[in-house]
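J.: Structure file data-v4.csv (CSV, C-alpha atoms) right here:
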chain,number,residue,atom,x,y,z
Q,1,MET,CA,141.1,-143.9,-60.8
Q,2,ILE,CA,139.4,-140.5,-61.3
Q,3,LEU,CA,137.7,-140.1,-64.7
Q,4,ASN,CA,138.7,-137.2,-67.1
Q,5,ASP,CA,136.3,-135.3,-69.4
Q,6,LYS,CA,136.9,-137.7,-72.3
Q,7,GLN,CA,136.0,-140.8,-70.2
Q,8,ILE,CA,133.0,-139.2,-68.7
Q,9,LYS,CA,131.8,-138.1,-72.2
Q,10,LYS,CA,132.1,-141.7,-73.5
Q,11,LEU,CA,130.0,-143.0,-70.7
Q,12,CYS,CA,127.4,-140.3,-71.2
Q,13,LEU,CA,127.0,-140.8,-74.9
Q,14,SER,CA,126.5,-144.5,-74.6
Q,15,ASP,CA,123.3,-146.5,-75.1
Q,16,LYS,CA,122.6,-146.2,-71.4
Q,17,PRO,CA,124.0,-142.7,-70.5
Q,18,MET,CA,125.5,-142.2,-67.1
Q,19,ILE,CA,124.2,-138.6,-67.1
Q,20,SER,CA,121.1,-137.4,-68.9
Q,21,PRO,CA,120.8,-134.8,-70.3
Q,22,TYR,CA,124.5,-134.4,-71.0
Q,23,TYR,CA,126.2,-131.2,-72.4
Q,24,GLU,CA,129.4,-131.8,-74.3
Q,25,LYS,CA,130.6,-128.2,-73.7
Q,26,LYS,CA,130.7,-125.9,-70.7
Q,27,ASN,CA,127.8,-123.5,-70.4
Q,28,HIS,CA,127.0,-120.5,-68.2
Q,29,SER,CA,123.8,-119.0,-66.8
Q,30,HIS,CA,123.6,-116.2,-64.2
Q,31,GLY,CA,127.4,-116.2,-64.2
Q,32,ILE,CA,127.5,-119.9,-62.9
Q,33,SER,CA,128.8,-122.7,-65.1
Q,34,PHE,CA,127.5,-126.2,-65.8
Q,35,GLY,CA,128.6,-129.1,-68.0
Q,36,PRO,CA,131.9,-130.8,-68.3
Q,37,SER,CA,135.1,-129.9,-66.4
Q,38,SER,CA,138.6,-131.4,-66.7
Q,39,TYR,CA,137.9,-134.2,-64.2
Q,40,GLY,CA,134.2,-133.9,-63.4
Q,41,TYR,CA,130.8,-132.7,-64.5
Q,42,ASP,CA,128.8,-129.7,-63.1
Q,43,ILE,CA,125.1,-130.5,-62.7
Q,44,ARG,CA,122.2,-128.0,-62.7
Q,45,LEU,CA,119.8,-127.1,-60.0
Q,46,GLY,CA,116.2,-128.2,-60.4
Q,47,THR,CA,113.0,-126.2,-59.8
Q,48,VAL,CA,111.5,-128.1,-56.8
Q,49,PHE,CA,112.7,-127.6,-53.2
Q,50,LYS,CA,111.6,-129.1,-49.9
Q,51,ASP,CA,112.1,-127.9,-46.3
Q,52,ILE,CA,110.8,-129.0,-42.9
Q,53,SER,CA,107.6,-127.3,-41.8
Q,54,HIS,CA,106.6,-129.4,-38.8
Q,55,VAL,CA,107.8,-132.2,-36.6
Q,56,LYS,CA,105.8,-134.5,-34.2
Q,57,ASN,CA,106.9,-137.0,-31.6
Q,58,LYS,CA,105.5,-140.5,-31.0
Q,59,TRP,CA,102.5,-139.0,-29.1
Q,60,GLY,CA,101.6,-136.7,-32.0
Q,61,GLU,CA,102.7,-133.6,-30.3
Q,62,SER,CA,104.7,-130.8,-31.9
Q,63,CYS,CA,108.4,-130.9,-31.0
Q,64,THR,CA,111.8,-129.8,-32.0
Q,65,ILE,CA,113.6,-133.1,-31.8
Q,66,ILE,CA,114.1,-135.1,-35.0
Q,67,GLU,CA,114.8,-138.8,-34.7
Q,68,PRO,CA,116.5,-140.1,-37.8
Q,69,GLU,CA,115.1,-143.6,-37.6
Q,70,ASN,CA,111.5,-142.1,-37.7
Q,71,PRO,CA,111.5,-139.6,-40.6
Q,72,GLY,CA,107.8,-140.2,-41.2
Q,73,ARG,CA,107.1,-137.8,-38.3
Q,74,ILE,CA,108.5,-134.9,-40.3
Q,75,THR,CA,106.2,-132.8,-42.5
Q,76,TRP,CA,107.9,-131.3,-45.5
Q,77,ALA,CA,106.8,-128.2,-47.4
Q,78,THR,CA,107.3,-128.3,-51.2
Q,79,HIS,CA,108.2,-125.2,-53.2
Q,80,THR,CA,108.2,-125.2,-57.0
Q,81,VAL,CA,109.8,-122.1,-58.5
Q,82,ASP,CA,109.9,-122.8,-62.2
Q,83,SER,CA,111.5,-119.7,-63.9
Q,84,VAL,CA,112.1,-117.6,-60.7
Q,85,PRO,CA,114.9,-117.9,-58.2
Q,86,PHE,CA,114.7,-119.7,-54.8
Q,87,ILE,CA,115.9,-117.7,-51.9
Q,88,ILE,CA,117.4,-119.7,-49.0
Q,89,ALA,CA,117.2,-118.0,-45.6
Q,90,PRO,CA,120.3,-117.4,-43.4
Q,91,ASN,CA,121.5,-120.4,-41.3
Q,92,SER,CA,119.0,-122.8,-42.9
Q,93,TYR,CA,119.0,-125.7,-45.2
Q,94,VAL,CA,116.8,-127.1,-48.0
Q,95,LEU,CA,116.5,-130.2,-50.1
Q,96,ALA,CA,116.8,-129.7,-53.8
Q,97,VAL,CA,117.1,-131.9,-56.9
Q,98,SER,CA,119.3,-132.1,-60.0
Q,99,MET,CA,118.1,-131.5,-63.5
Q,100,GLU,CA,120.1,-134.5,-64.5
Q,101,LYS,CA,119.2,-138.2,-64.2
Q,102,PHE,CA,122.0,-140.6,-63.3
Q,103,ASN,CA,122.5,-144.3,-64.3
Q,104,MET,CA,125.7,-145.4,-62.5
Q,105,PRO,CA,127.7,-148.4,-63.9
Q,106,HIS,CA,128.7,-151.1,-61.4
Q,107,ASN,CA,132.4,-149.9,-61.6
Q,108,ILE,CA,131.8,-146.2,-61.2
Q,109,THR,CA,131.0,-144.1,-58.1
Q,110,GLY,CA,130.5,-140.4,-57.9
Q,111,LEU,CA,131.4,-137.8,-55.2
Q,112,VAL,CA,129.2,-134.7,-54.9
Q,113,LYS,CA,131.2,-131.5,-54.3
Q,114,ASP,CA,130.4,-127.7,-53.9
Q,115,LYS,CA,130.5,-125.1,-56.6
Q,116,SER,CA,133.1,-122.4,-55.9
Q,117,THR,CA,130.9,-119.4,-56.7
Q,118,TYR,CA,128.2,-120.5,-54.2
Q,119,ALA,CA,130.7,-121.8,-51.7
Q,120,ARG,CA,132.3,-118.4,-51.4
Q,121,LEU,CA,128.8,-117.0,-50.5
Q,122,GLY,CA,128.4,-119.5,-47.7
Q,123,ILE,CA,126.3,-122.0,-49.7
Q,124,ALA,CA,127.4,-125.7,-49.1
Q,125,VAL,CA,126.1,-128.7,-51.0
Q,126,GLN,CA,126.6,-131.7,-48.7
Q,127,ASN,CA,129.4,-133.9,-50.0
Q,128,THR,CA,127.5,-137.1,-50.5
Q,129,VAL,CA,128.3,-140.2,-52.6
Q,130,ILE,CA,126.5,-141.5,-55.7
Q,131,GLU,CA,126.9,-145.3,-55.4
Q,132,ALA,CA,127.7,-147.7,-58.2
Q,133,GLY,CA,124.4,-149.3,-59.5
Q,134,TRP,CA,122.3,-146.3,-58.4
Q,135,GLU,CA,119.8,-144.7,-60.8
Q,136,GLY,CA,117.6,-141.6,-60.5
Q,137,TYR,CA,117.6,-137.8,-60.0
Q,138,LEU,CA,120.0,-136.7,-57.3
Q,139,THR,CA,118.6,-135.1,-54.2
Q,140,LEU,CA,120.9,-132.3,-53.0
Q,141,GLU,CA,121.2,-131.1,-49.4
Q,142,ILE,CA,121.9,-127.4,-49.5
Q,143,THR,CA,122.9,-125.3,-46.5
Q,144,ASN,CA,123.3,-121.5,-46.1
Q,145,HIS,CA,126.0,-120.9,-43.6
Q,146,SER,CA,126.0,-117.1,-44.0
Q,147,LYS,CA,124.0,-114.5,-42.2
Q,148,TYR,CA,122.4,-113.3,-45.4
Q,149,LYS,CA,119.7,-114.6,-47.7
Q,150,VAL,CA,121.2,-116.1,-50.9
Q,151,VAL,CA,119.5,-116.5,-54.3
Q,152,LEU,CA,119.7,-120.0,-55.8
Q,153,HIS,CA,119.1,-119.9,-59.6
Q,154,PRO,CA,117.4,-123.0,-61.0
Q,155,LEU,CA,118.6,-124.5,-64.3
Q,156,THR,CA,122.2,-123.4,-63.7
Q,157,GLY,CA,125.2,-125.0,-62.0
Q,158,ILE,CA,124.9,-126.1,-58.4
Q,159,ALA,CA,127.4,-128.9,-57.7
Q,160,GLN,CA,130.3,-130.7,-59.3
Q,161,ILE,CA,130.4,-134.5,-59.5
Q,162,LEU,CA,133.8,-136.3,-59.5
Q,163,PHE,CA,133.7,-139.9,-60.9
Q,164,PHE,CA,135.9,-142.7,-59.8
Q,165,LYS,CA,136.4,-146.0,-61.6
Q,166,GLY,CA,137.5,-149.3,-60.2
Q,167,GLU,CA,136.9,-153.0,-60.7
Q,168,PRO,CA,133.2,-153.9,-60.8
Q,169,CYS,CA,132.0,-154.1,-57.2
Q,170,GLU,CA,130.4,-157.1,-55.5
Q,171,ASN,CA,127.7,-155.0,-53.8
Q,172,PRO,CA,126.3,-152.3,-56.0
Q,173,TYR,CA,123.4,-150.2,-54.8
Q,174,SER,CA,120.4,-152.5,-54.4
Q,175,PRO,CA,117.7,-152.4,-57.1
Q,176,THR,CA,115.3,-152.3,-54.1
Q,177,GLY,CA,117.3,-149.7,-52.1
Q,178,LYS,CA,115.3,-147.0,-50.4
Q,179,TYR,CA,116.7,-144.3,-52.6
Q,180,GLN,CA,116.8,-146.2,-55.9
Q,181,ASN,CA,115.0,-144.6,-58.8
Q,182,GLN,CA,114.4,-141.2,-57.2
Q,183,PRO,CA,112.0,-139.0,-59.1
Q,184,ASN,CA,112.7,-135.5,-60.3
Q,185,GLU,CA,111.9,-133.8,-57.0
Q,186,PRO,CA,113.7,-133.9,-53.7
Q,187,THR,CA,113.4,-137.2,-51.8
Q,188,PRO,CA,113.2,-136.7,-48.0
Q,189,PRO,CA,115.0,-139.2,-45.7
Q,190,GLN,CA,113.4,-142.7,-45.8
Q,191,ALA,CA,113.4,-145.2,-42.9
Q,192,SER,CA,114.9,-148.6,-43.6
Q,193,ALA,CA,112.4,-151.4,-43.6
Q,194,GLU,CA,113.5,-152.8,-40.2
Q,195,ASN,CA,113.2,-149.3,-38.6
Q,196,GLN,CA,110.1,-147.9,-40.2
Q,197,PHE,CA,107.8,-149.0,-37.3
Q,198,LYS,CA,110.1,-148.2,-34.4
Q,199,GLU,CA,109.1,-145.6,-31.9
Q,200,GLN,CA,111.4,-142.9,-30.5
Q,201,GLY,CA,113.2,-145.2,-28.0
Q,202,GLY,CA,114.0,-143.4,-24.8
Q,203,ILE,CA,113.2,-139.9,-25.9
Q,204,ARG,CA,110.5,-138.4,-23.7
Q,205,ARG,CA,108.3,-135.5,-24.2
Q,206,GLU,CA,110.4,-132.3,-24.4
Q,207,GLY,CA,108.8,-131.1,-21.2
Q,208,GLY,CA,110.2,-134.2,-19.5
Q,209,LEU,CA,113.8,-133.5,-20.5
Q,210,GLN,CA,115.6,-132.2,-17.4
Q,211,ASP,CA,118.9,-130.5,-17.0
Q,212,THR,CA,121.2,-131.3,-14.1
Q,213,VAL,CA,124.4,-129.7,-13.2
Q,214,ARG,CA,127.5,-131.7,-12.6
Q,215,ASN,CA,131.1,-130.9,-11.8
Q,216,ASN,CA,133.6,-131.7,-14.6
Q,217,GLY,CA,136.5,-132.2,-12.1
Q,218,ASP,CA,138.1,-128.8,-12.8
Q,219,GLY,CA,135.8,-126.8,-10.6
Q,220,ASP,CA,133.7,-125.7,-13.5
Q,221,LYS,CA,130.1,-126.7,-13.8
Q,222,GLU,CA,128.4,-127.9,-16.9
Q,223,LYS,CA,124.9,-128.9,-17.8
Q,224,SER,CA,124.0,-132.4,-19.0
Q,225,GLY,CA,120.7,-133.7,-20.3
Q,226,LYS,CA,118.9,-136.3,-18.1
Q,227,ARG,CA,116.4,-138.7,-19.5
Would you write out, as structure tokens, the structure that this file holds?

T.:
Amino acid sequence: MILNDKQIKKLCLSDKPMISPYYEKKNHSHGISFGPSSYGYDIRLGTVFKDISHVKNKWGESCTIIEPENPGRITWATHTVDSVPFIIAPNSYVLAVSMEKFNMPHNITGLVKDKSTYARLGIAVQNTVIEAGWEGYLTLEITNHSKYKVVLHPLTGIAQILFFKGEPCENPYSPTGKYQNQPNEPTPPQASAENQFKEQGGIRREGGLQDTVRNNGDGDKEKSGKR
């Protein structure tokens, strides 16, 4: 069942609020709304951003290949903008953070959706899930799909959260989960405990990646990577 504004309000005005701070009425800043909607809540953009500045492979060399199971080889640059806008470059992405802190009940899950004003300018907020039992400030993954720079205004609306209620789940987000209790700044990807010491498997130095040409059966040739 999707929650309406009255149900969300009740959960946010409780002794353990689901969203904090919570605004009971819709607000606008820089022409963009935040606060309650009919069946959701529009959260605000924080003032801290992170993007990738450098990547290394298992030999400590600079590279352009990112291995998801080894995020520790990525260097992130932090940008704090306070009262000024953040400008996201064309065809790029950045990690951001919500102004709101979440405390999800064990029978509620949230779905992160885009804001229409930004979406029509080519800005997408990746549609991730806020799991039941999770607590913390929400890390947002923001992508600029347009060919122009776009201004992101902190402290105003950036994404809409839809909340769904069901029976209390058997497996809420673990109190020791790798993204539990995120701070009020973007949290880069974290390796699971069983993967954090793994190396990059079969990926060789970039200079060792070779291209071969094969026939696809229709007379056309295409390249395929060889390791």

J.: From the set Q:Ala124, Q:Ala77, Q:Leu138, Q:Val129, which residue has the shortest atom-to-atom contact distance to Val97 of chain Q, counting all atoms listed in the file?

T.: Q:Leu138

J.: For Ile142 of chain Q, which residue out of Q:Lys56, Q:Arg120, Q:Lys165, Q:Lys50 is the nearest one, using only C-alpha atoms?

T.: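 Of Q:Lys56, Q:Arg120, Q:Lys165, Q:Lys50, the one nearest Ile142 of chain Q, counting only C-alpha atoms, is Q:Lys50.
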
J.: Given the choices Q:Gly31, Q:Gly122, Q:Gly136, Q:Pro168, which gets closest to Pro90 of chain Q if the distance is worked out from all atoms listed in the file?

T.: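 Of all the options, Q:Gly122 lies closest to Pro90 of chain Q.
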
J.: Got a sec: who's within 10 Å of Val84 of chain Q, counting all atoms listed in the file, leaving out chain neighbours fewer than 2 positions off, as a ChimeraX atom specification?

T.: /Q:47,80-82,86-87,151-154

J.: Just to confirm, what's the straight-line distance from atom CA of Asn57 of chain Q to atom CA of Pro186 of chain Q in Å (one decimal)?

T.: 23.3 Å

J.: Record the distance separating atom CA of Tyr148 of chain Q and atom CA of Pro85 of chain Q, expressed in Å with one decimal.

T.: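 So the two atoms, atom CA of Tyr148 of chain Q and atom CA of Pro85 of chain Q, lie 15.5 Å apart.
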
J.: Name the residues within 6 Å of (122.4, -122.5, -50.7), counting all atoms listed in the file in the file's coordinates, and put them as a CSV table (one decimal) with C-alpha atoms, keeping the file's coordinate frame.

T.:
chain,number,residue,atom,x,y,z
Q,88,ILE,CA,117.4,-119.7,-49.0
Q,123,ILE,CA,126.3,-122.0,-49.7
Q,142,ILE,CA,121.9,-127.4,-49.5
Q,143,THR,CA,122.9,-125.3,-46.5
Q,144,ASN,CA,123.3,-121.5,-46.1

J.: If you measure from atom CA of Gln180 of chain Q to atom CA of Thr78 of chain Q, what distance in Å do you get, rounded to one decimal?

T.: 20.8 Å

J.: Which one of Q:Ser116, Q:Thr156, Q:Thr75, Q:Asn181 sits closest to Trp134 of chain Q if you count only C-alpha atoms?

T.: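 Closest residue, counting only C-alpha atoms: Q:Asn181.
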
J.: Excluding Ser37 of chain Q and residues on its chain fewer than 5 positions from it, collect all residues at most 10 Å away from it, counting only C-alpha atoms, and give them as a list in words.

T.: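 So, after excluding close chain neighbours, the residues are Asn4, Asp5, Lys6, Ile8, Glu24, Lys25, Lys26, Asp42, Gln160, Ile161 and Leu162 of chain Q.
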
J.: Could you tell me which of Q:Lys9, Q:His79, Q:Lys113, Q:His145 comes closest to Asp51 of chain Q if we count all atoms listed in the file?

T.: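 Closest candidate: Q:His79.
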
J.: Asn27 of chain Q: which residues within 9 Å, counting all atoms listed in the file, same-chain residues fewer than 3 positions away excluded, as a list in words?

T.: Tyr23, Ile32, Ser33, Phe34, Gly35, Pro36, Thr156 and Gly157 of chain Q

J.: Using only C-alpha atoms, which residue out of Q:Ile130, Q:Ile158, Q:Asp15, Q:Glu141 lies closest to Tyr179 of chain Q?

T.: Q:Ile130

J.: Within 7 Å of (109.3, -134.6, -34.7) (coordinates as in the file), grab all the protein and nucleic acid residues, counting only C-alpha atoms, and write them out as a list in words.

T.: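 Nearby residues: Val55, Lys56, Asn57, Ser62, Cys63, Thr64, Ile65, Ile66, Glu67, Arg73 and Ile74 of chain Q.
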